[in-house]
Every structure is written in C-alpha cells, then in structure tokens.
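Asker: I am attaching a structure below and will ask some questions about it afterwards.
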Amino acid sequence: MQQITARARGLRPLALCAVLAAAGSVAQAQFAMVPAPQCAQPRDSANEVEQEFRIDASRHLYTCYPMRVFRGRLPPLLYGIMMVEVDLDAQGNVTNVTTVRKPAADEVAPWVQAMIRRASPFPRPARFPGGTLRFTETFFVDKSGLFQTFSLTEGQR
C-alpha cells in the first residue's frame, strides 16, 4: 500500500506540469487569431499634439474591437505589456508598426501588430506637418485576450 501511495505522490508533480502546460496553451490560443474589425471609416483628427492623437487612435481601436477591450480595472498581473510605434500616412493608413517594448509572452506581439494593421485606416492626422504621424502606444493585455491601451486605461486593481 505504501508503495502505491509513494508512486501516486510521484505522479502529482507530473499531473501539475500537464495542467500548467494546458493552461499555457489555452492562453496562447486567445492570440492565434485577430477578429475582423467592426469599425466604420474614421473622421479626421482635430488634434495637433501626438499625445492627444493617441487618444483618438485608441478610441478607434476600441471601436474596431469592442469584443477584445478589457472593461474595468486590469488585474494586478498582466499577461503582456507591449509598446509599439505606429506610422500613419496622410490618409490614416498604417505604413509601419514597430515593437518598441517586447511583451514577455511571445504570442502577444504579432497579435497586437495584426490588430493595429487590420484597424487601418485610423483617423487622418490632418493637422500634423505633411499629414503624416508617428505615435507610440502601450498595450496592456490580459491572458483572456482582452486589452487596454495606456491612453484609455482604467487602471489596475
């Protein structure tokens, strides 16, 4: 009887590892696909300051992906935090997305970049010199596949 109990104890760590591995793959599955954006043609942005334009851009993303926006205050531990730099042309089309700060979870970076690209065009940066703009934004991503941007975050618990 003691031998069976000892063998069962030896299996517990293996079972725990299997459960943790399965939980990790569930979290990764949330980032396997970017949903189709649900946004209409955006209006021109009246902002002349990059920091204020980021709010317009974040509102546009929230409108495009309402099913992926984390509502309320974020949990204390986030799955990924990522900073990106986005280049827009005069029509608000995304010309480049660069990762400035890579998230700890590798699957988050391509997911965020794909969301940004699919949400194009953004509000036109009409008041900026040459009508083009480069802005940065930070994304806070939960393991459930929901996000908030720094510009519109509701804070953290």
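Convention: chains lettered A, B, ... in structure tokens order; per-chain residue numbering from 1; ligands numbered from 1 as shown.
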So which residues touch A:Ser120 within 7 Å, counting only C-alpha atoms, skipping near sequence neighbours fewer than 2 positions away, as a VMD selection string?
Answerer: chain A and resid 93 to 94 116 to 118 122
Asker: What's the 10 Å shell around A:Met115, counting only C-alpha atoms, without same-chain residues fewer than 5 positions away, as a list in words?
Answerer: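 Contacts, with the query itself left out: Met33, Val34, Pro35, Ala36, Pro37, Leu61, Cys64, Tyr65, Pro110 and Ser120 of chain A.
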Asker: Please give the complete set of residues from stretch 32-88 of chain A that DSSP, run on the backbone, assigns to alpha helix (DSSP H), formatted as a list in words.
Answerer: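 Result set for stretch 32-88 of chain A (alpha helix (DSSP H)): Glu50, Gln51, Glu52, Phe53, Arg54, Ile55, Asp56, Ala57, Ser58, Arg59, His60, Leu61, Tyr62, Thr63 and Cys64 of chain A.
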Asker: Which neighbours of stretch 73-75 of chain A fall inside 12 Å, counting only C-alpha atoms, when residues of the same chain fewer than 6 positions from it are skipped, and could you give them as a PyMOL selection string?
Answerer: chain A and resi 81+139-144+146-150+152-157
Asker: Selected residues, C-alpha atoms, written as a PDB file, in the first residue's frame, please.
Answerer:
ATOM      1  CA  ILE A  81       2.732  44.664 -21.771  1.00  0.00           C
ATOM      2  CA  PHE A 139      -0.897  47.847 -24.741  1.00  0.00           C
ATOM      3  CA  PHE A 140      -1.861  46.039 -21.537  1.00  0.00           C
ATOM      4  CA  VAL A 141      -3.001  42.516 -22.407  1.00  0.00           C
ATOM      5  CA  ASP A 142      -4.800  40.040 -20.164  1.00  0.00           C
ATOM      6  CA  LYS A 143      -4.380  36.280 -20.591  1.00  0.00           C
ATOM      7  CA  SER A 144      -8.003  36.100 -21.768  1.00  0.00           C
ATOM      8  CA  LEU A 146      -8.554  41.338 -23.808  1.00  0.00           C
ATOM      9  CA  PHE A 147      -6.591  44.592 -23.877  1.00  0.00           C
ATOM     10  CA  GLN A 148      -6.485  48.221 -22.844  1.00  0.00           C
ATOM     11  CA  THR A 149      -4.249  50.963 -24.156  1.00  0.00           C
ATOM     12  CA  PHE A 150      -2.272  53.307 -21.951  1.00  0.00           C
ATOM     13  CA  LEU A 152      -7.563  54.895 -22.255  1.00  0.00           C
ATOM     14  CA  THR A 153      -6.671  52.566 -19.402  1.00  0.00           C
ATOM     15  CA  GLU A 154      -8.979  52.347 -16.417  1.00  0.00           C
ATOM     16  CA  GLY A 155      -6.044  51.495 -14.163  1.00  0.00           C
ATOM     17  CA  GLN A 156      -5.099  48.367 -12.312  1.00  0.00           C
ATOM     18  CA  ARG A 157      -6.580  46.645  -9.244  1.00  0.00           C
TER      19      ARG A 157
END
Asker: Give me the residues near A:Glu52 as a list in words, where near means some atom within 12 Å (using only C-alpha atoms) and where sequence neighbours in that chain fewer than 2 positions away do not count.
Answerer: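 Contacts, in chain order: Ser45, Ala46, Asn47, Glu48, Val49, Glu50, Arg54, Ile55, Asp56, Ala57, Ser58, Arg59, Pro125, Arg127, Phe128, Phe135, Thr136, Glu137, Ser151 and Leu152 of chain A.
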Asker: Using only C-alpha atoms, which of A:Gly92, A:Met82, A:Gln38, A:Ala32 sits nearest A:Pro123?
Answerer: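 For A:Pro123, the nearest of the given residues is A:Gly92.
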Asker: At a cut-off of 7 Å, using only C-alpha atoms, what residues contact A:Asp89? Leave out same-chain residues fewer than 6 positions from it and give the result as a list in words.
Answerer: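 Counting only the stated atoms, we get Thr95, Gly131, Thr132 and Leu133 of chain A.
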Asker: Just N, CA and C atoms for this one: save the residues we selected as a PDB file, in the first residue's frame.
Answerer:
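Resulting contents of selection_17.pdb:
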ATOM      1  N   THR A  95       1.405  52.525 -42.160  1.00  0.00           N
ATOM      2  CA  THR A  95       2.508  52.208 -43.064  1.00  0.00           C
ATOM      3  C   THR A  95       3.566  51.346 -42.380  1.00  0.00           C
ATOM      4  N   GLY A 131       0.933  65.878 -42.951  1.00  0.00           N
ATOM      5  CA  GLY A 131      -0.199  64.975 -42.806  1.00  0.00           C
ATOM      6  C   GLY A 131       0.180  63.574 -42.368  1.00  0.00           C
ATOM      7  N   THR A 132       1.441  63.344 -42.028  1.00  0.00           N
ATOM      8  CA  THR A 132       1.863  62.021 -41.561  1.00  0.00           C
ATOM      9  C   THR A 132       2.182  62.096 -40.069  1.00  0.00           C
ATOM     10  N   LEU A 133       2.194  60.942 -39.451  1.00  0.00           N
ATOM     11  CA  LEU A 133       2.395  60.930 -37.995  1.00  0.00           C
ATOM     12  C   LEU A 133       3.022  59.616 -37.559  1.00  0.00           C
TER      13      LEU A 133
END
Asker: In Å, with one decimal, what is the gap from atom CA of A:Lys102 to atom CA of A:Asp87?
Answerer: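 Spanning atom CA of A:Lys102 to atom CA of A:Asp87 is a straight-line distance of 17.8 Å.
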Asker: For a test of reading the model, state the distance in Å between atom CA of A:Leu88 and atom CA of A:Pro121, rounded to one decimal.
Answerer: 8.5 Å
Asker: What is the atom CA of A:Arg71 to atom CA of A:Gly145 distance in Å?
Answerer: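 Interatomic distance, atom CA of A:Arg71 to atom CA of A:Gly145: 12.3 Å.
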Asker: With only C-alpha atoms as the atoms that count, which of A:Met67, A:Ala29, A:Leu77, A:Met83 lies nearest to A:Pro103?
Answerer: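 Going through A:Met67, A:Ala29, A:Leu77, A:Met83 one by one, the smallest distance to A:Pro103 is for A:Met83.
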